[in-house]
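Student: Structure file coords.txt, compact mmCIF, C-alpha atoms (C1' of nucleotides), is pasted below:
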```txt
# COMPACT_ATOMS: atom_id res chain seq x y z
CA MET A 1 -3.15 -0.85 8.97
CA CYS A 2 -0.07 -0.19 7.05
CA GLY A 3 0.62 3.27 5.65
CA ARG A 4 4.28 3.62 6.50
CA TYR A 5 7.02 1.09 7.14
CA ALA A 6 10.77 0.48 7.30
CA SER A 7 12.81 -1.67 4.96
CA SER A 8 16.55 -1.44 5.32
CA VAL A 9 17.30 -5.04 4.38
CA ARG A 10 19.79 -5.42 1.52
CA ASP A 11 19.01 -7.39 -1.63
CA ALA A 12 21.67 -9.97 -0.78
CA GLU A 13 19.94 -10.79 2.49
CA VAL A 14 16.50 -11.00 0.88
CA VAL A 15 17.92 -13.34 -1.76
CA ASP A 16 19.37 -15.49 1.01
CA LEU A 17 16.37 -15.49 3.37
CA LEU A 18 13.65 -15.86 0.73
CA ASP A 19 15.43 -18.15 -1.75
CA VAL A 20 15.26 -15.65 -4.59
CA ASP A 21 16.36 -16.99 -7.99
CA GLU A 22 16.53 -13.79 -9.95
CA VAL A 23 17.29 -10.19 -8.99
CA VAL A 24 15.61 -7.72 -11.35
CA GLY A 25 16.53 -4.05 -11.46
CA GLU A 26 18.65 -2.00 -9.13
CA GLU A 27 18.83 -2.34 -5.39
CA LEU A 28 16.99 0.47 -3.60
CA PRO A 29 18.57 2.48 -0.82
CA PRO A 30 17.52 1.41 2.68
CA SER A 31 14.54 3.34 4.02
CA TRP A 32 13.10 3.72 7.49
CA ASN A 33 10.26 5.82 6.13
CA VAL A 34 8.69 4.03 3.18
CA ALA A 35 5.59 6.00 2.11
CA PRO A 36 2.77 5.39 -0.38
CA THR A 37 3.81 5.86 -4.05
CA ASP A 38 7.44 5.07 -3.13
CA ASP A 39 9.25 2.33 -5.02
CA VAL A 40 9.66 -0.80 -2.91
CA ARG A 41 11.33 -4.17 -3.39
CA VAL A 42 8.97 -7.16 -3.61
CA VAL A 43 9.42 -10.91 -4.04
CA LEU A 44 7.19 -12.83 -6.41
CA GLU A 45 7.12 -15.84 -8.69
CA ARG A 46 6.73 -15.62 -12.45
CA PRO A 47 6.13 -18.67 -14.61
CA GLN A 48 9.20 -19.40 -16.81
CA ARG A 49 8.81 -18.77 -20.48
CA ASP A 50 8.46 -22.09 -22.31
CA ASP A 51 10.34 -21.09 -25.46
CA ASP A 52 9.49 -24.00 -27.74
CA GLY A 53 5.98 -24.37 -26.35
CA VAL A 54 6.48 -28.13 -26.21
CA GLY A 55 8.27 -29.21 -23.05
CA ALA A 56 6.81 -29.09 -19.60
CA ALA A 57 6.87 -25.63 -18.09
CA ALA A 58 9.88 -25.01 -15.92
CA ALA A 59 9.46 -24.19 -12.25
CA PRO A 60 8.53 -20.53 -11.71
CA ALA A 61 11.42 -18.20 -11.05
CA ARG A 62 11.30 -16.41 -7.73
CA GLN A 63 12.17 -12.81 -8.43
CA LEU A 64 13.19 -9.80 -6.39
CA ARG A 65 12.08 -6.65 -8.16
CA THR A 66 10.79 -3.13 -7.72
CA ALA A 67 7.15 -2.05 -7.60
CA ARG A 68 5.43 1.19 -6.78
CA TRP A 69 3.48 1.12 -3.50
CA GLY A 70 -0.17 1.72 -4.35
CA LEU A 71 -1.74 -0.76 -6.74
CA VAL A 72 -2.57 0.69 -10.14
CA PRO A 73 -5.30 -1.47 -11.74
CA SER A 74 -4.81 -2.34 -15.39
CA TRP A 75 -7.84 -0.23 -16.40
CA SER A 76 -6.53 2.94 -14.75
CA LYS A 77 -6.19 6.04 -16.89
CA ASP A 78 -3.19 7.22 -14.95
CA LEU A 79 -0.88 6.40 -12.08
CA SER A 80 -2.77 8.50 -9.56
CA THR A 81 -5.32 5.72 -8.97
CA GLY A 82 -2.60 3.85 -7.12
CA ALA A 83 -2.29 6.39 -4.34
CA ARG A 84 -5.62 5.25 -2.91
CA MET A 85 -4.87 1.54 -3.22
CA ILE A 86 -2.02 1.13 -0.77
CA ASN A 87 -3.90 -1.48 1.27
CA ALA A 88 -6.27 -4.30 0.39
CA ARG A 89 -8.54 -5.73 3.08
CA SER A 90 -8.03 -9.47 3.43
CA GLU A 91 -11.76 -9.85 4.13
CA THR A 92 -12.68 -8.53 0.67
CA LEU A 93 -9.48 -9.21 -1.24
CA THR A 94 -11.10 -11.78 -3.53
CA GLU A 95 -14.22 -9.67 -4.13
CA ARG A 96 -13.01 -6.17 -4.95
CA SER A 97 -12.66 -5.57 -8.67
CA ALA A 98 -9.42 -3.70 -8.14
CA PHE A 99 -7.74 -6.63 -6.34
CA ARG A 100 -9.55 -9.80 -7.34
CA VAL A 101 -7.42 -10.81 -10.32
CA ALA A 102 -4.22 -9.89 -8.56
CA ALA A 103 -5.29 -11.93 -5.52
CA ALA A 104 -5.68 -15.01 -7.70
CA ARG A 105 -2.60 -14.69 -9.88
CA ARG A 106 -0.28 -12.00 -8.61
CA ARG A 107 0.53 -12.39 -4.96
CA CYS A 108 3.87 -11.21 -3.62
CA LEU A 109 5.81 -10.64 -0.42
CA VAL A 110 6.92 -7.24 0.81
CA PRO A 111 10.07 -7.50 2.96
CA ALA A 112 10.12 -5.13 5.92
CA ASP A 113 11.94 -4.46 9.18
CA GLY A 114 8.63 -3.43 10.72
CA TYR A 115 5.87 -0.88 10.29
CA TYR A 116 4.43 2.22 11.92
CA GLU A 117 1.06 2.82 13.50
CA TRP A 118 -0.32 6.13 14.72
CA GLN A 119 -2.36 5.73 17.86
CA ALA A 120 -5.07 8.26 18.55
CA VAL A 121 -4.98 9.05 22.26
CA PRO A 122 -8.15 10.73 23.60
CA GLY A 123 -7.41 14.27 24.69
CA GLN A 124 -4.07 14.31 22.95
CA ARG A 125 -3.67 16.56 19.96
CA ARG A 126 -0.98 14.60 18.16
CA LYS A 127 -1.20 10.92 17.46
CA THR A 128 1.46 8.73 18.95
CA PRO A 129 3.61 6.88 16.42
CA TRP A 130 4.56 3.28 17.23
CA PHE A 131 6.97 0.98 15.49
CA LEU A 132 6.11 -2.72 15.41
CA ARG A 133 8.56 -5.47 14.56
CA ASP A 134 9.14 -9.14 15.06
CA GLY A 135 9.98 -10.14 18.60
CA ASP A 136 13.29 -11.64 17.50
CA GLY A 137 14.01 -8.88 15.04
CA ALA A 138 13.47 -11.24 12.13
CA LEU A 139 12.62 -9.98 8.70
CA LEU A 140 8.87 -9.56 8.20
CA THR A 141 7.18 -10.34 4.90
CA PHE A 142 3.85 -8.60 4.34
CA ALA A 143 1.31 -10.28 2.10
CA GLY A 144 1.03 -8.25 -1.06
CA VAL A 145 -0.79 -8.32 -4.37
CA TYR A 146 0.71 -6.69 -7.44
CA GLU A 147 -0.47 -5.49 -10.80
CA LEU A 148 1.00 -4.41 -14.13
CA TRP A 149 -0.23 -1.24 -15.75
CA ARG A 150 0.62 -0.17 -19.25
CA ASP A 151 1.51 3.48 -19.61
CA ARG A 152 0.02 4.38 -22.99
CA SER A 153 1.80 7.70 -23.06
CA ARG A 154 5.07 5.83 -23.57
CA ASP A 155 6.42 4.15 -26.69
CA ASP A 156 6.20 0.41 -27.23
CA ASP A 157 9.96 0.08 -26.92
CA ASP A 158 10.12 2.15 -23.73
CA PRO A 159 11.07 -0.21 -20.90
CA GLY A 160 9.18 2.08 -18.53
CA ARG A 161 5.83 1.51 -20.22
CA TRP A 162 5.00 -1.30 -17.80
CA VAL A 163 4.52 -0.09 -14.27
CA TRP A 164 4.56 -2.71 -11.52
CA SER A 165 2.66 -1.72 -8.42
CA VAL A 166 1.70 -3.37 -5.14
CA ALA A 167 -0.87 -3.22 -2.35
CA VAL A 168 -0.23 -4.52 1.17
CA VAL A 169 -2.98 -6.82 2.46
CA THR A 170 -4.40 -5.85 5.85
CA THR A 171 -6.37 -7.78 8.44
CA ALA A 172 -8.00 -7.31 11.83
CA ALA A 173 -5.63 -6.72 14.73
CA HIS A 174 -6.53 -8.39 18.00
CA ASP A 175 -5.47 -8.26 21.62
CA ALA A 176 -2.51 -6.06 22.41
CA LEU A 177 -1.92 -5.17 18.77
CA GLY A 178 -5.51 -4.07 18.46
CA GLU A 179 -5.10 -1.60 21.32
CA ILE A 180 -2.82 0.46 19.12
CA HIS A 181 -4.92 -0.05 16.01
CA ASP A 182 -7.65 -2.39 14.85
CA ARG A 183 -5.95 -3.11 11.53
CA THR A 184 -2.54 -4.59 10.79
CA PRO A 185 -0.65 -5.81 7.74
CA LEU A 186 -1.14 -9.48 6.97
CA VAL A 187 2.23 -11.03 7.83
CA VAL A 188 3.22 -14.20 6.00
CA PRO A 189 5.30 -16.42 8.31
CA PRO A 190 8.30 -18.28 6.86
CA GLY A 191 6.40 -21.57 6.60
CA ALA A 192 3.63 -20.06 4.49
CA ARG A 193 5.72 -18.02 2.07
CA ALA A 194 5.94 -20.67 -0.64
CA ASP A 195 2.17 -21.14 -0.57
CA TRP A 196 1.51 -17.42 -0.73
CA LEU A 197 3.78 -17.05 -3.78
CA SER A 198 2.60 -20.22 -5.50
CA THR A 199 1.56 -19.60 -9.10
CA THR A 200 -0.48 -22.80 -9.11
CA THR A 201 -2.86 -21.50 -6.47
CA THR A 202 -5.20 -19.48 -8.66
CA GLU A 203 -8.68 -20.26 -7.35
CA LEU A 204 -10.26 -17.51 -5.27
CA GLU A 205 -11.51 -20.07 -2.77
CA GLU A 206 -7.96 -21.37 -2.33
CA VAL A 207 -6.75 -17.84 -1.73
CA ARG A 208 -9.46 -17.29 0.88
CA GLU A 209 -8.36 -20.44 2.69
CA LEU A 210 -4.74 -19.40 2.45
CA VAL A 211 -5.49 -16.01 3.99
CA ALA A 212 -7.55 -17.62 6.74
CA SER A 213 -4.75 -20.07 7.56
CA LEU A 214 -2.19 -17.40 8.37
CA PRO A 215 -1.60 -17.07 12.11
CA GLU A 216 -1.48 -13.73 13.89
CA PRO A 217 2.08 -12.51 14.07
CA HIS A 218 3.82 -11.93 17.39
CA LEU A 219 5.00 -8.38 17.12
CA VAL A 220 6.66 -6.09 19.62
CA PRO A 221 5.63 -2.41 19.57
CA HIS A 222 7.45 0.60 20.93
CA VAL A 223 6.83 4.33 20.76
CA VAL A 224 9.02 6.32 18.41
CA GLY A 225 9.56 10.02 17.79
CA PRO A 226 7.16 12.19 15.78
CA GLU A 227 9.72 12.83 12.99
CA VAL A 228 8.53 9.78 11.06
CA GLY A 229 5.34 11.67 10.21
CA ASP A 230 7.32 13.81 7.77
CA VAL A 231 7.98 11.69 4.69
CA ARG A 232 11.11 13.72 3.94
CA GLN A 233 12.78 12.39 7.07
CA ASP A 234 14.68 9.15 6.93
CA GLY A 235 17.28 7.21 8.83
CA PRO A 236 17.58 4.46 11.45
CA HIS A 237 16.88 6.98 14.21
CA LEU A 238 13.21 6.92 13.18
CA VAL A 239 12.75 3.43 14.64
CA GLU A 240 14.65 4.13 17.86
CA PRO A 241 12.48 3.72 20.98
CA ARG A 242 11.39 7.03 22.43
CA ALA A 243 11.25 7.28 26.21
CA ARG A 244 8.05 8.66 27.72
CA ASP A 245 7.96 11.91 29.69
CA ASP A 246 7.93 10.00 32.98
CA GLY A 247 11.08 8.19 31.96
CA GLU A 248 9.38 4.84 31.67
CA GLN A 249 9.98 3.08 28.40
CA ASP A 250 6.76 2.79 26.41
CA SER A 251 7.29 -0.71 25.16
CA VAL A 252 5.86 -4.05 26.13
CA ALA A 253 7.77 -7.18 25.27
CA GLY A 254 6.26 -10.42 24.06
CA THR A 255 2.55 -9.84 23.76
CA GLY A 256 3.13 -6.18 22.96
CA GLY A 257 0.82 -3.26 23.23
CA PRO A 258 0.31 -0.30 25.48
CA ALA A 259 -1.00 -0.74 29.03
C1' DC B 1 -29.03 0.27 -21.65
C1' DC B 2 -25.17 3.87 -20.13
C1' DA B 3 -22.46 6.17 -16.50
C1' DG B 4 -19.46 5.86 -13.06
C1' DA B 5 -16.88 3.58 -9.78
C1' DC B 6 -13.28 0.55 -8.91
C1' DG B 7 -10.10 1.69 -1.89
C1' DT B 8 -8.93 2.02 3.09
C1' DT B 9 -8.55 4.35 7.30
C1' DG B 10 -10.22 6.99 11.01
C1' DT B 11 -13.43 10.09 13.39
C1' DT B 12 -17.58 11.65 15.36
C1' DG C 1 -12.01 -5.05 -17.45
C1' DT C 2 -16.12 -5.60 -14.57
C1' DC C 3 -19.53 -4.47 -11.34
C1' DT C 4 -23.13 -1.33 -9.43
C1' DG C 5 -26.55 2.16 -9.64
C1' DG C 6 -29.98 4.42 -12.02
C1' DC D 1 -0.06 6.73 7.02
C1' DC D 2 0.97 12.16 7.79
C1' DA D 3 1.84 16.87 6.03
C1' DG D 4 0.50 20.46 3.47
C1' DA D 5 -2.22 22.66 0.23
C1' DC D 6 -6.55 24.42 -0.86
C1' DG D 7 -6.33 29.85 -6.58
C1' DT D 8 -6.39 32.98 -10.52
C1' DT D 9 -4.86 36.70 -13.13
C1' DG D 10 -1.47 38.80 -15.22
C1' DT D 11 3.25 40.11 -15.08
C1' DT D 12 9.35 41.95 -14.16
C1' DG E 1 -13.29 19.78 5.42
C1' DT E 2 -10.99 17.34 1.74
C1' DC E 3 -7.69 16.38 -1.63
C1' DT E 4 -2.82 15.68 -3.16
C1' DG E 5 1.90 14.41 -2.68
C1' DG E 6 5.25 11.67 -0.75
```
Show me this structure written as structure tokens.
Tutor:
Amino acid sequence: MCGRYASSVRDAEVVDLLDVDEVVGEELPPSWNVAPTDDVRVVLERPQRDDDGVGAAAAPARQLRTARWGLVPSWSKDLSTGARMINARSETLTERSAFRVAAARRRCLVPADGYYEWQAVPGQRRKTPWFLRDGDGALLTFAGVYELWRDRSRDDDDPGRWVWSVAVVTTAAHDALGEIHDRTPLVVPPGARADWLSTTTTELEEVRELVASLPEPHLVPHVVGPEVGDVRQDGPHLVEPRARDDGEQDSVAGTGGPA
DNA sequence: CCAGACGTTGTT
DNA sequence: GTCTGG
DNA sequence: CCAGACGTTGTT
DNA sequence: GTCTGG
């Protein structure tokens, strides 16, 4: 699944790699310990306002902006609903009332260096944290769906009355990846990013096909230190490979996964 | 009809 | 808002 | 996801 | 055990 990840990539690089047209809001500090309810940067496409209502609609603007991790449905009474909606299963994405509309009309990409998994080892008290990233160290983009929630406790002219929030789509993990965990974020490869963001793909059936068409990512896992469990800890040291007690490095290249 | 949920993961 | 359960 | 709290009354 | 906060 995806309950913690790292995103240290700067806005400028996201703009460059993902062909962003418009940067909205302030850049966030890099984080190697992004946790639920944290603000994160996301990339999405918004249809351009057609001011005179006459001409053909302009191409959608691809934006980089901030959203809170944990999707807050529009009908929520308060923000706390979002804390339970950090992930959306790809298998039921187009069915669940909390995600269905967002799946059709509000898909986004979540840029990440990689993500963490905690592996339960039989007989071991503490779970083992792993960090998984692209084999070439390339930027990952998780499939996301976002929502806008109106905070009724704020004035109409308060810019903070609209809260943008996001859920990371998850899918089944197979093979080596599945040995660490049976769920994994849905990773959108470079060639599928435009389709995932497309504002003209609004039919649920199309979205289902799109999800099904995404290939399994080739990720490389390695064991990291336990410090990442504490959300107050941060820094690049969190993703550093941690040697095992026997000195052997607990990392498998290429196919990935523990022995 | 109204009331209440609306989500995922992991663990046993 | 919309679906499910009663 | 993990870590940490989990409660009320009455008060210096 | 279960919920909340981050």
Student: Per residue of chain A within 9 Å of chain B, note the shortest atom pair and the distance in Å to one decimal, counting all atoms listed in the file, and order the rows by chain and increasing residue number, as a Markdown table.
Tutor:
```
| residue | atom | partner | partner_atom | distance |
| --- | --- | --- | --- | --- |
| A:Met1 | CA | B:DT9 | C1' | 7.7 |
| A:Pro73 | CA | B:DC6 | C1' | 8.7 |
| A:Arg84 | CA | B:DG7 | C1' | 5.8 |
| A:Met85 | CA | B:DG7 | C1' | 5.4 |
| A:Ile86 | CA | B:DT8 | C1' | 8.0 |
| A:Asn87 | CA | B:DT8 | C1' | 6.4 |
| A:Ala88 | CA | B:DT8 | C1' | 7.4 |
| A:Arg89 | CA | B:DT8 | C1' | 7.8 |
| A:Arg96 | CA | B:DC6 | C1' | 7.8 |
| A:Ser97 | CA | B:DC6 | C1' | 6.2 |
| A:Ala98 | CA | B:DC6 | C1' | 5.8 |
| A:Arg183 | CA | B:DT9 | C1' | 9.0 |
```
Student: With all atoms listed in the file as the atoms that count, which of A:Arg232, A:Arg105, A:Lys77, A:Lys127 lies nearest to chain E?
Tutor: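 For chain E, the nearest of the given residues is A:Arg232.
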Student: I'd like the interatomic distance between atom CA of A:Glu203 and atom CA of A:Gly70, to a tenth of an Å.
Tutor: 23.8 Å
Student: In Å, rounded to a single decimal, give me how far atom CA of A:Ala167 is from atom CA of A:Ala83.
Tutor: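 Separation of atom CA of A:Ala83 and atom CA of A:Ala167: 9.9 Å.
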Student: Please, which residues of chain A lie no more than 12 Å from chain E when the count uses all atoms listed in the file, and can they be set out as a CSV table (one decimal) with C-alpha atoms, keeping the file's coordinate frame?
Tutor:
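The result, written out as result-v6.csv:
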```csv
chain,number,residue,atom,x,y,z
A,3,GLY,CA,0.6,3.3,5.6
A,4,ARG,CA,4.3,3.6,6.5
A,33,ASN,CA,10.3,5.8,6.1
A,34,VAL,CA,8.7,4.0,3.2
A,35,ALA,CA,5.6,6.0,2.1
A,36,PRO,CA,2.8,5.4,-0.4
A,37,THR,CA,3.8,5.9,-4.0
A,38,ASP,CA,7.4,5.1,-3.1
A,39,ASP,CA,9.2,2.3,-5.0
A,69,TRP,CA,3.5,1.1,-3.5
A,70,GLY,CA,-0.2,1.7,-4.4
A,80,SER,CA,-2.8,8.5,-9.6
A,81,THR,CA,-5.3,5.7,-9.0
A,83,ALA,CA,-2.3,6.4,-4.3
A,84,ARG,CA,-5.6,5.2,-2.9
A,229,GLY,CA,5.3,11.7,10.2
A,230,ASP,CA,7.3,13.8,7.8
A,231,VAL,CA,8.0,11.7,4.7
A,232,ARG,CA,11.1,13.7,3.9
A,233,GLN,CA,12.8,12.4,7.1
```
Student: What's around A:Arg46 at 8 Å? Count all atoms listed in the file, leave out sequence neighbours fewer than 3 positions away in its own chain, and write the answer as a ChimeraX atom specification.
Tutor: /A:60-63,199
Student: Export, as a JSON list (two decimals), in the coordinates of the input, the selected residues with C-alpha atoms.
Tutor:
```json
[["chain", "number", "residue", "atom", "x", "y", "z"],
["A", 60, "PRO", "CA", 8.53, -20.53, -11.71],
["A", 61, "ALA", "CA", 11.42, -18.20, -11.05],
["A", 62, "ARG", "CA", 11.30, -16.41, -7.73],
["A", 63, "GLN", "CA", 12.17, -12.81, -8.43],
["A", 199, "THR", "CA", 1.56, -19.60, -9.10]]
```
Student: Work out how far atom CA of A:Asp182 is from atom CA of A:Phe131, in Å to one decimal.
Tutor: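 Taking atom CA of A:Phe131 and atom CA of A:Asp182, their separation equals 15.0 Å.
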Student: If you count only C-alpha atoms (C1' of nucleotides), which residues fall within 9 Å of A:Pro189, apart from same-chain ones fewer than 4 positions away, as a CSV table (one decimal) with C-alpha atoms, in the coordinates of the input?
Tutor:
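Once written, part_37.csv looks like this:
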```
chain,number,residue,atom,x,y,z
A,140,LEU,CA,8.9,-9.6,8.2
A,141,THR,CA,7.2,-10.3,4.9
A,142,PHE,CA,3.8,-8.6,4.3
A,193,ARG,CA,5.7,-18.0,2.1
A,214,LEU,CA,-2.2,-17.4,8.4
A,215,PRO,CA,-1.6,-17.1,12.1
A,217,PRO,CA,2.1,-12.5,14.1
```
